[in-house]
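What follows is the content of entry_3.cif, which has mmCIF, C-alpha atoms and all ligand atoms:
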data_input
loop_
_atom_site.label_atom_id
_atom_site.label_comp_id
_atom_site.auth_asym_id
_atom_site.auth_seq_id
_atom_site.Cartn_x
_atom_site.Cartn_y
_atom_site.Cartn_z
CA MET A 1 21.82 -36.76 96.35
CA ALA A 2 19.99 -33.61 95.38
CA VAL A 3 21.85 -31.21 93.10
CA TYR A 4 20.07 -28.26 94.65
CA LYS A 5 17.81 -28.35 97.70
CA ARG A 6 15.97 -25.33 99.07
CA PRO A 7 17.51 -24.44 102.46
CA GLU A 8 15.41 -25.29 105.50
CA LEU A 9 16.47 -22.06 107.22
CA ILE A 10 14.10 -20.12 104.96
CA ALA A 11 10.36 -20.43 105.42
CA ASP A 12 8.34 -22.66 103.10
CA ALA A 13 6.38 -19.69 101.74
CA PRO A 14 7.06 -16.76 99.44
CA SER A 15 9.25 -14.13 101.14
CA GLY A 16 7.84 -10.71 101.96
CA TYR A 17 10.30 -9.19 99.49
CA CYS A 18 9.30 -7.53 96.23
CA PRO A 19 9.76 -9.61 93.05
CA GLY A 20 13.47 -9.79 92.16
CA CYS A 21 14.65 -8.16 95.41
CA LEU A 22 18.13 -9.48 96.12
CA HIS A 23 17.49 -9.30 99.88
CA SER A 24 15.69 -12.62 99.48
CA LEU A 25 18.58 -14.09 97.49
CA ALA A 26 21.04 -12.79 100.12
CA THR A 27 19.01 -14.40 102.91
CA LYS A 28 18.81 -17.67 100.99
CA LEU A 29 22.60 -17.63 100.47
CA VAL A 30 23.23 -17.09 104.18
CA ALA A 31 20.94 -20.07 104.86
CA GLU A 32 22.78 -22.23 102.31
CA ALA A 33 26.21 -21.33 103.72
CA ILE A 34 25.13 -22.09 107.30
CA GLU A 35 23.51 -25.41 106.34
CA GLU A 36 26.59 -26.46 104.36
CA LEU A 37 28.59 -25.92 107.57
CA GLY A 38 26.09 -28.03 109.54
CA GLN A 39 25.26 -25.06 111.79
CA ALA A 40 21.52 -24.66 111.07
CA ASP A 41 20.40 -25.32 114.64
CA ASN A 42 23.19 -23.23 116.10
CA ALA A 43 22.78 -20.06 114.02
CA LEU A 44 21.25 -16.86 115.37
CA ASN A 45 20.24 -14.04 113.02
CA VAL A 46 20.32 -10.54 114.56
CA ILE A 47 17.84 -8.74 112.34
CA SER A 48 18.08 -5.00 111.77
CA VAL A 49 15.47 -2.41 110.71
CA GLY A 50 14.55 -1.86 107.07
CA CYS A 51 13.49 -4.38 104.44
CA SER A 52 16.17 -6.48 106.08
CA ALA A 53 13.54 -6.98 108.79
CA LEU A 54 11.35 -8.93 106.35
CA ASN A 55 13.75 -11.65 107.45
CA ILE A 56 11.50 -11.96 110.50
CA LEU A 57 9.14 -13.94 108.25
CA TYR A 58 11.58 -15.40 105.72
CA TRP A 59 14.17 -16.71 108.22
CA SER A 60 12.93 -19.87 109.90
CA GLY A 61 15.91 -20.30 112.25
CA ASP A 62 16.53 -18.49 115.53
CA PHE A 63 16.59 -14.70 115.40
CA LEU A 64 16.38 -11.53 117.41
CA SER A 65 14.90 -8.35 115.95
CA VAL A 66 16.71 -5.29 117.33
CA ALA A 67 16.67 -1.49 117.21
CA HIS A 68 17.65 0.47 114.09
CA GLY A 69 21.42 0.43 113.54
CA ARG A 70 22.13 -1.40 116.79
CA ALA A 71 22.50 -4.96 115.48
CA PRO A 72 26.31 -5.03 116.04
CA ALA A 73 25.79 -3.86 119.64
CA ALA A 74 23.09 -6.48 120.25
CA ALA A 75 25.18 -9.17 118.53
CA THR A 76 28.11 -8.25 120.80
CA GLY A 77 26.06 -9.08 123.89
CA ILE A 78 24.57 -12.21 122.39
CA LYS A 79 27.90 -13.61 121.22
CA ARG A 80 29.79 -12.76 124.40
CA THR A 81 27.19 -14.57 126.51
CA ASN A 82 26.67 -17.43 124.01
CA PRO A 83 30.14 -17.91 122.51
CA GLU A 84 29.30 -21.34 121.09
CA ARG A 85 26.57 -19.98 118.82
CA LEU A 86 27.02 -18.85 115.23
CA VAL A 87 25.88 -15.21 115.44
CA PHE A 88 25.43 -12.85 112.52
CA ALA A 89 23.88 -9.42 112.07
CA TYR A 90 21.89 -8.89 108.87
CA GLN A 91 21.85 -5.17 108.02
CA GLY A 92 20.92 -2.82 105.19
CA ASP A 93 22.98 0.20 104.16
CA GLY A 94 20.75 2.80 105.82
CA ASP A 95 20.77 0.76 109.01
CA LEU A 96 24.52 0.05 108.97
CA ALA A 97 26.10 3.12 107.33
CA ALA A 98 23.76 5.89 108.56
CA ILE A 99 22.02 5.47 111.94
CA GLY A 100 24.27 2.55 112.94
CA LEU A 101 27.66 3.84 111.80
CA ALA A 102 29.04 4.08 115.35
CA GLU A 103 27.93 0.55 116.26
CA ILE A 104 29.42 -1.15 113.21
CA MET A 105 32.75 0.68 113.41
CA SER A 106 33.06 0.07 117.15
CA ALA A 107 32.20 -3.63 116.95
CA ALA A 108 34.63 -4.10 114.05
CA ASN A 109 37.32 -2.19 115.93
CA ARG A 110 36.83 -4.34 119.03
CA GLY A 111 37.16 -7.43 116.86
CA GLU A 112 33.95 -8.96 118.15
CA ASN A 113 33.73 -12.62 117.15
CA PHE A 114 30.59 -12.50 114.99
CA THR A 115 29.76 -11.92 111.34
CA VAL A 116 28.05 -8.93 109.77
CA VAL A 117 26.15 -9.52 106.53
CA PHE A 118 25.68 -6.12 104.92
CA ALA A 119 23.08 -5.86 102.11
CA ASN A 120 23.96 -2.69 100.19
CA ASN A 121 21.11 -1.63 97.87
CA GLN A 122 22.12 2.05 97.82
CA THR A 123 18.81 3.29 99.20
CA TYR A 124 16.39 3.20 102.14
CA GLY A 125 14.03 0.60 100.66
CA MET A 126 11.52 0.15 103.47
CA THR A 127 10.73 3.85 103.94
CA GLY A 128 10.22 4.73 100.29
CA GLY A 129 13.58 5.10 98.59
CA GLN A 130 15.40 7.96 100.32
CA MET A 131 19.14 8.59 99.86
CA ALA A 132 21.45 6.36 101.88
CA PRO A 133 25.15 7.05 102.62
CA THR A 134 25.86 4.50 99.84
CA THR A 135 23.65 6.13 97.18
CA LEU A 136 25.71 6.63 94.00
CA ILE A 137 26.65 10.07 92.67
CA GLY A 138 23.88 11.21 90.32
CA GLN A 139 21.47 8.54 91.56
CA LYS A 140 17.90 9.80 91.85
CA THR A 141 16.08 9.03 95.08
CA THR A 142 13.08 10.63 96.79
CA THR A 143 15.47 12.93 98.71
CA THR A 144 17.90 13.54 95.81
CA VAL A 145 15.37 14.20 93.06
CA TYR A 146 17.98 15.68 90.70
CA GLY A 147 20.50 12.96 91.52
CA ARG A 148 22.94 12.78 94.45
CA ASP A 149 25.21 15.83 94.47
CA PRO A 150 28.48 15.34 96.41
CA GLN A 151 28.70 19.11 97.06
CA THR A 152 25.80 18.86 99.50
CA THR A 153 25.64 15.14 100.45
CA GLY A 154 29.21 13.88 100.16
CA TYR A 155 30.33 10.70 98.43
CA PRO A 156 29.01 7.12 98.63
CA MET A 157 30.57 5.45 101.66
CA LYS A 158 32.70 2.39 101.00
CA MET A 159 32.23 0.26 104.11
CA CYS A 160 34.55 -2.64 103.17
CA GLU A 161 37.36 -0.21 102.46
CA LEU A 162 36.76 1.65 105.75
CA ILE A 163 36.50 -1.47 107.91
CA SER A 164 39.55 -3.09 106.31
CA THR A 165 41.71 -0.21 107.61
CA LEU A 166 40.98 -1.31 111.18
CA GLU A 167 43.43 -3.66 112.88
CA ALA A 168 41.03 -6.23 114.35
CA PRO A 169 38.79 -7.54 111.52
CA VAL A 170 39.95 -10.89 110.11
CA TYR A 171 37.95 -11.17 106.88
CA VAL A 172 36.34 -8.33 104.92
CA ALA A 173 34.92 -8.95 101.44
CA ARG A 174 32.37 -7.64 98.95
CA PHE A 175 30.35 -9.66 96.42
CA ALA A 176 27.77 -8.67 93.80
CA LEU A 177 24.60 -10.76 93.61
CA ASN A 178 23.66 -9.89 90.02
CA SER A 179 25.37 -12.85 88.32
CA PRO A 180 25.80 -16.61 88.92
CA LYS A 181 29.54 -16.11 89.51
CA GLY A 182 28.94 -13.34 92.04
CA VAL A 183 26.42 -15.52 93.84
CA ASN A 184 28.79 -18.50 93.96
CA ASP A 185 31.61 -16.31 95.25
CA ALA A 186 29.29 -14.82 97.86
CA ARG A 187 28.25 -18.26 99.12
CA LYS A 188 31.93 -19.22 99.49
CA GLY A 189 32.74 -15.92 101.19
CA LEU A 190 29.87 -16.34 103.65
CA LYS A 191 31.00 -19.88 104.44
CA LYS A 192 34.53 -18.68 105.06
CA ALA A 193 33.35 -15.87 107.35
CA PHE A 194 31.13 -18.22 109.37
CA ARG A 195 33.90 -20.83 109.61
CA LEU A 196 36.38 -18.22 110.86
CA GLN A 197 33.86 -17.13 113.46
CA MET A 198 33.33 -20.72 114.66
CA GLU A 199 37.12 -21.07 114.93
CA GLY A 200 37.06 -18.03 117.22
CA LYS A 201 39.18 -15.91 114.88
CA GLY A 202 37.26 -12.63 115.27
CA PHE A 203 35.24 -10.08 113.32
CA THR A 204 34.13 -10.93 109.77
CA PHE A 205 32.30 -8.60 107.37
CA ILE A 206 30.55 -9.62 104.16
CA GLU A 207 29.08 -6.90 101.95
CA LEU A 208 26.56 -8.06 99.35
CA LEU A 209 25.70 -5.65 96.53
CA THR A 210 21.94 -5.86 96.10
CA ASN A 211 19.12 -3.95 94.42
CA CYS A 212 15.74 -2.39 95.11
CA PRO A 213 13.64 -2.82 91.96
CA THR A 214 10.69 -1.03 93.58
CA ASN A 215 12.47 2.19 94.58
CA TRP A 216 14.98 2.17 91.72
CA LYS A 217 11.83 2.05 89.58
CA MET A 218 13.15 -0.69 87.34
CA THR A 219 12.21 -4.25 86.44
CA PRO A 220 14.26 -6.89 88.27
CA LEU A 221 16.25 -7.66 85.11
CA GLN A 222 16.98 -3.94 84.54
CA THR A 223 18.43 -3.68 88.06
CA LEU A 224 20.97 -6.41 87.27
CA GLU A 225 22.23 -4.45 84.25
CA TYR A 226 22.24 -1.19 86.23
CA MET A 227 24.43 -2.90 88.83
CA ASN A 228 26.92 -3.90 86.13
CA THR A 229 27.21 -0.39 84.70
CA ASN A 230 26.85 1.73 87.86
CA THR A 231 27.16 -0.11 91.18
CA ILE A 232 30.03 -2.53 90.52
CA PRO A 233 32.44 0.04 89.00
CA TYR A 234 32.17 2.12 92.21
CA PHE A 235 31.76 -0.60 94.85
CA LYS A 236 34.37 -3.02 93.53
CA PRO A 237 33.84 -6.65 94.56
CA GLY A 238 36.82 -8.37 96.12
CA VAL A 239 38.53 -9.44 99.32
CA TYR A 240 39.62 -6.34 101.24
CA LYS A 241 41.19 -8.09 104.20
CA ASP A 242 42.04 -11.72 104.88
CA LYS A 243 44.27 -12.33 107.90
CA GLU A 244 44.15 -16.10 107.29
CA ALA A 245 45.60 -15.68 103.78
CA GLN A 246 48.22 -13.25 105.08
CA ALA A 247 49.33 -15.58 107.86
CA MET B 1 15.69 -32.68 86.86
CA VAL B 2 14.43 -29.17 87.54
CA GLU B 3 11.42 -28.98 89.84
CA ILE B 4 9.61 -25.64 89.86
CA HIS B 5 7.48 -24.74 92.90
CA ALA B 6 5.04 -22.43 91.16
CA TYR B 7 3.51 -21.09 94.40
CA LEU B 8 6.86 -19.55 95.42
CA CYS B 9 7.60 -17.77 92.12
CA LYS B 10 7.41 -13.99 91.71
CA ASN B 11 8.23 -13.82 87.99
CA CYS B 12 11.53 -11.93 88.35
CA GLY B 13 12.93 -13.67 85.27
CA TYR B 14 16.37 -14.43 86.74
CA CYS B 15 16.16 -18.19 86.08
CA VAL B 16 15.15 -17.58 82.46
CA LYS B 17 17.96 -15.07 81.93
CA PHE B 18 20.75 -17.20 83.37
CA CYS B 19 19.86 -20.71 82.11
CA PRO B 20 22.86 -21.54 79.89
CA LYS B 21 20.70 -23.81 77.71
CA GLN B 22 17.88 -21.23 77.46
CA ILE B 23 15.22 -23.83 78.16
CA LEU B 24 13.20 -21.95 80.78
CA GLU B 25 10.26 -19.80 79.74
CA ILE B 26 7.63 -17.84 81.67
CA GLY B 27 4.21 -19.36 81.02
CA THR B 28 0.73 -17.89 80.72
CA GLN B 29 -0.78 -19.38 83.91
CA ARG B 30 -0.74 -17.37 87.13
CA ASN B 31 0.10 -18.93 90.50
CA ARG B 32 -2.12 -18.41 93.53
CA HIS B 33 -0.40 -15.08 94.26
CA GLY B 34 -1.04 -13.80 90.74
CA HIS B 35 2.45 -14.27 89.32
CA PHE B 36 3.27 -15.93 86.01
CA TYR B 37 5.90 -18.62 86.51
CA PRO B 38 8.41 -20.55 84.40
CA HIS B 39 8.40 -24.03 82.95
CA LEU B 40 10.98 -26.10 81.04
CA THR B 41 10.61 -26.02 77.28
CA ASP B 42 12.98 -28.95 76.69
CA ALA B 43 13.51 -31.08 79.79
CA GLY B 44 15.88 -33.42 77.94
CA ALA B 45 18.33 -30.57 77.31
CA CYS B 46 18.75 -29.74 81.01
CA ILE B 47 22.35 -30.28 82.15
CA SER B 48 21.51 -30.05 85.90
CA CYS B 49 23.88 -27.11 86.41
CA ALA B 50 21.45 -25.65 89.01
CA ILE B 51 22.20 -22.05 87.97
CA CYS B 52 18.45 -21.30 87.81
CA ALA B 53 17.97 -22.69 91.33
CA SER B 54 21.00 -20.86 92.66
CA MET B 55 19.85 -17.50 91.25
CA CYS B 56 16.19 -17.80 92.32
CA PRO B 57 15.66 -15.36 95.22
CA GLU B 58 12.63 -17.30 96.41
CA GLY B 59 14.08 -20.79 96.34
CA ALA B 60 11.30 -21.72 93.91
CA ILE B 61 13.50 -24.14 91.94
CA GLU B 62 15.07 -27.36 93.19
CA LEU B 63 16.98 -30.16 91.48
CA PRO B 64 16.18 -33.25 93.52
CA GLU B 65 18.33 -35.75 91.61
CA LYS B 66 21.15 -35.61 89.13
CA GLY B 67 20.97 -36.94 85.61
CA ASP B 68 17.37 -38.06 85.27
CA ALA B 69 16.23 -34.99 83.35
C1 LIG A 301 15.09 4.99 115.24
C2 LIG A 301 14.47 4.88 113.90
N1 LIG A 301 14.64 5.86 112.99
C3 LIG A 301 14.10 5.76 111.76
C4 LIG A 301 13.34 4.70 111.43
C5 LIG A 301 12.71 4.61 110.04
N2 LIG A 301 13.35 3.67 109.17
C6 LIG A 301 12.89 2.41 109.00
S1 LIG A 301 13.76 1.51 107.88
C7 LIG A 301 14.80 2.82 107.60
C8 LIG A 301 15.91 2.75 106.58
C9 LIG A 301 16.31 1.38 106.19
O1 LIG A 301 17.17 1.43 105.10
P1 LIG A 301 18.21 0.29 104.79
O2 LIG A 301 18.97 -0.07 105.99
O3 LIG A 301 19.00 0.73 103.60
O4 LIG A 301 17.32 -0.98 104.46
P2 LIG A 301 16.49 -1.43 103.18
O5 LIG A 301 15.07 -1.14 103.53
O6 LIG A 301 16.97 -0.67 101.97
O7 LIG A 301 16.78 -2.86 103.08
C10 LIG A 301 14.44 3.93 108.38
C11 LIG A 301 15.14 5.23 108.31
C12 LIG A 301 13.16 3.68 112.39
N3 LIG A 301 12.45 2.57 112.13
N4 LIG A 301 13.73 3.79 113.61
S1 LIG A 302 11.26 -2.06 98.80
FE1 LIG A 302 13.19 -2.50 97.81
S2 LIG A 302 14.53 -3.39 99.41
FE2 LIG A 302 12.39 -3.48 100.13
S3 LIG A 302 11.63 -5.53 99.55
FE3 LIG A 302 11.06 -4.10 97.90
S4 LIG A 302 12.73 -4.20 96.42
FE4 LIG A 302 13.49 -5.09 98.34
S1 LIG A 303 14.09 -16.98 89.50
FE1 LIG A 303 12.55 -17.90 90.87
S2 LIG A 303 11.10 -16.25 91.37
FE2 LIG A 303 12.31 -15.59 89.59
S3 LIG A 303 11.06 -16.22 87.78
FE3 LIG A 303 12.50 -17.89 88.18
S4 LIG A 303 11.38 -19.31 89.55
FE4 LIG A 303 10.28 -17.35 89.58
#
Take the structure from the file and write it as structure tokens.
Ligand SMILES: Cc1ncc(C[n+]2csc(CCOP(=O)(O)OP(=O)(O)O)c2C)c(N)n1
Ligand code: SF4
Ligand code: SF4
Amino acid sequence: MAVYKRPELIADAPSGYCPGCLHSLATKLVAEAIEELGQADNALNVISVGCSALNILYWSGDFLSVAHGRAPAAATGIKRTNPERLVFAYQGDGDLAAIGLAEIMSAANRGENFTVVFANNQTYGMTGGQMAPTTLIGQKTTTTVYGRDPQTTGYPMKMCELISTLEAPVYVARFALNSPKGVNDARKGLKKAFRLQMEGKGFTFIELLTNCPTNWKMTPLQTLEYMNTNTIPYFKPGVYKDKEAQA
Amino acid sequence: MVEIHAYLCKNCGYCVKFCPKQILEIGTQRNRHGHFYPHLTDAGACISCAICASMCPEGAIELPEKGDA
């Protein structure tokens, strides 16, 4: 048996992502988790707007590409009408925490039975590196050229912490993709979320800390170090809610 | 045994960084997209841990069979 086989749910071609972009690793991990559960033909990716939408080419399974921020609303309709399918929304932090804040909080609060995979790279990658709600204090972006100042733009939004205060969600966890351990934990977390969904347990939310080498203006390897010293201390990886473990 | 699909590689360096045996190295040939890509410097030392494959964002590395490195 193969020790490691490339998942069939990603296209047999280079992704559209920049070199070292962890969006492509995140997508590959989702594919691995779904294939390990034997759900490849049953999975449906609800693709959001941003570099997340490069999934349109990289994801070779079923998908729907929907309006900016509205993936949780679209996924609600899809899952309610196709309850047997494994449905997940794949969203960036601009998509999920800015324009789509109402949709994610409402879907989580309703306890919709699908999974949200949230790739948090602390910027708007696709549009040229503007500040996102998750941009770190002091982080330079094209709209915070002197670094993010909380006096005028507030503080980086912690989505796992916010969503875990709601009653309905069953599993809420954050993983960092800048190390082999983080990647292994993320794969397990994704598998758990998808399994809970297939058992009909309710809303599951997986945040993956990612990077944007292009707009952070760093080499891929520099972004991994930056994540260790800046991103991870603020956005702490961990399980924020697990109803199954509490039961 | 590590199998590197050169055409998928984007030269991010993650596989080289995380190989616990430090036996991956970026070469001097470019693939068809213009990226330099890695090769094994000591195939016999590979322990088939698959960390390189797991960390590769592009799925450019596979380990088809265990043990026959
Ligand atoms: C209604 C609407 N408003 C604005 C845009 C422009 N736009 C495209 S992507 C994007 C931000 C995406 O950022 P994020 O979700 O962080 O994804 P990333 O590219 O970083 O993965 C914006 C504002 C749009 N496409 N549609
Ligand atoms: S712009 Fe940033 S988020 Fe988009 S593909 Fe490139 S590195 Fe990834
Ligand atoms: S991790 Fe993958 S894309 Fe990056 S250098 Fe290694 S083989 Fe190439």
Exercise answer, chain B residues close to chain A, 6 Å and all atoms listed in the file, as a compact mmCIF listing (two decimals) with C-alpha atoms, in the frame of the given file:
# COMPACT_ATOMS: atom_id res chain seq x y z
CA LEU B 8 6.86 -19.55 95.42
CA LYS B 10 7.41 -13.99 91.71
CA CYS B 12 11.53 -11.93 88.35
CA PRO B 57 15.66 -15.36 95.22
CA GLY B 59 14.08 -20.79 96.34
CA GLU B 62 15.07 -27.36 93.19
CA LEU B 63 16.98 -30.16 91.48
CA PRO B 64 16.18 -33.25 93.52
CA GLU B 65 18.33 -35.75 91.61
CA LYS B 66 21.15 -35.61 89.13
query: Using all atoms listed in the file, can you list as an MDAnalysis selection string the residues within 10 Å of (18.9, 4.4, 112.0)?
result: chainID A and resid 48:50 67:70 93:101
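Note that the spacing between atom O1 of ligand LIG 301 (chain A) and CA of Thr123 (chain A) amounts to 6.4 Å.
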task: Would you list the contacts of Arg32 (chain B) as a list in words, taking every protein, DNA or RNA residue within 10 Å and counting all atoms listed in the file, but skipping same-chain residues closer than 4 positions in sequence?
output: Ala6, Tyr7, Leu8, Cys9 and Phe36 of chain B
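Residue nearest Arg195 (chain A), chosen from A:Ala33, A:Leu44, A:Ala176, A:Leu9 and counting all atoms listed in the file: A:Ala33.
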message: For a cutoff of 10 Å around the file-coordinate point (27.9, -1.8, 95.0), which residues qualify once you count only C-alpha atoms? I'd like the result as number ranges by chain.
response: A: 119-122, 134-136, 156, 158, 174-177, 207-211, 227-228, 230-237
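CA of Gln246 (chain A) to CA of Ala75 (chain A) spans 27.0 Å [interatomic distance, one decimal].
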message: List the spatial neighbours of Ile51 (chain B) as a list of chain:residue names - criterion: any atom at most 8 Å away, only C-alpha atoms, same-chain residues fewer than 2 positions off excluded.
response: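 After dropping sequence-adjacent residues, the list is A:Pro180, B:Cys15, B:Phe18, B:Cys19, B:Cys49, B:Ala53, B:Ser54, B:Met55.
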query: So what do you get for CA of Leu24 (chain B) versus CA of Leu40 (chain B), distance-wise?
result: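 So the two atoms, CA of Leu24 (chain B) and CA of Leu40 (chain B), lie 4.7 Å apart.
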message: Considering all atoms listed in the file, can you say which of A:Gln91, A:Thr81, A:Thr143, A:Thr153 comes closest to ligand LIG 302 (chain A)?
response: A:Gln91
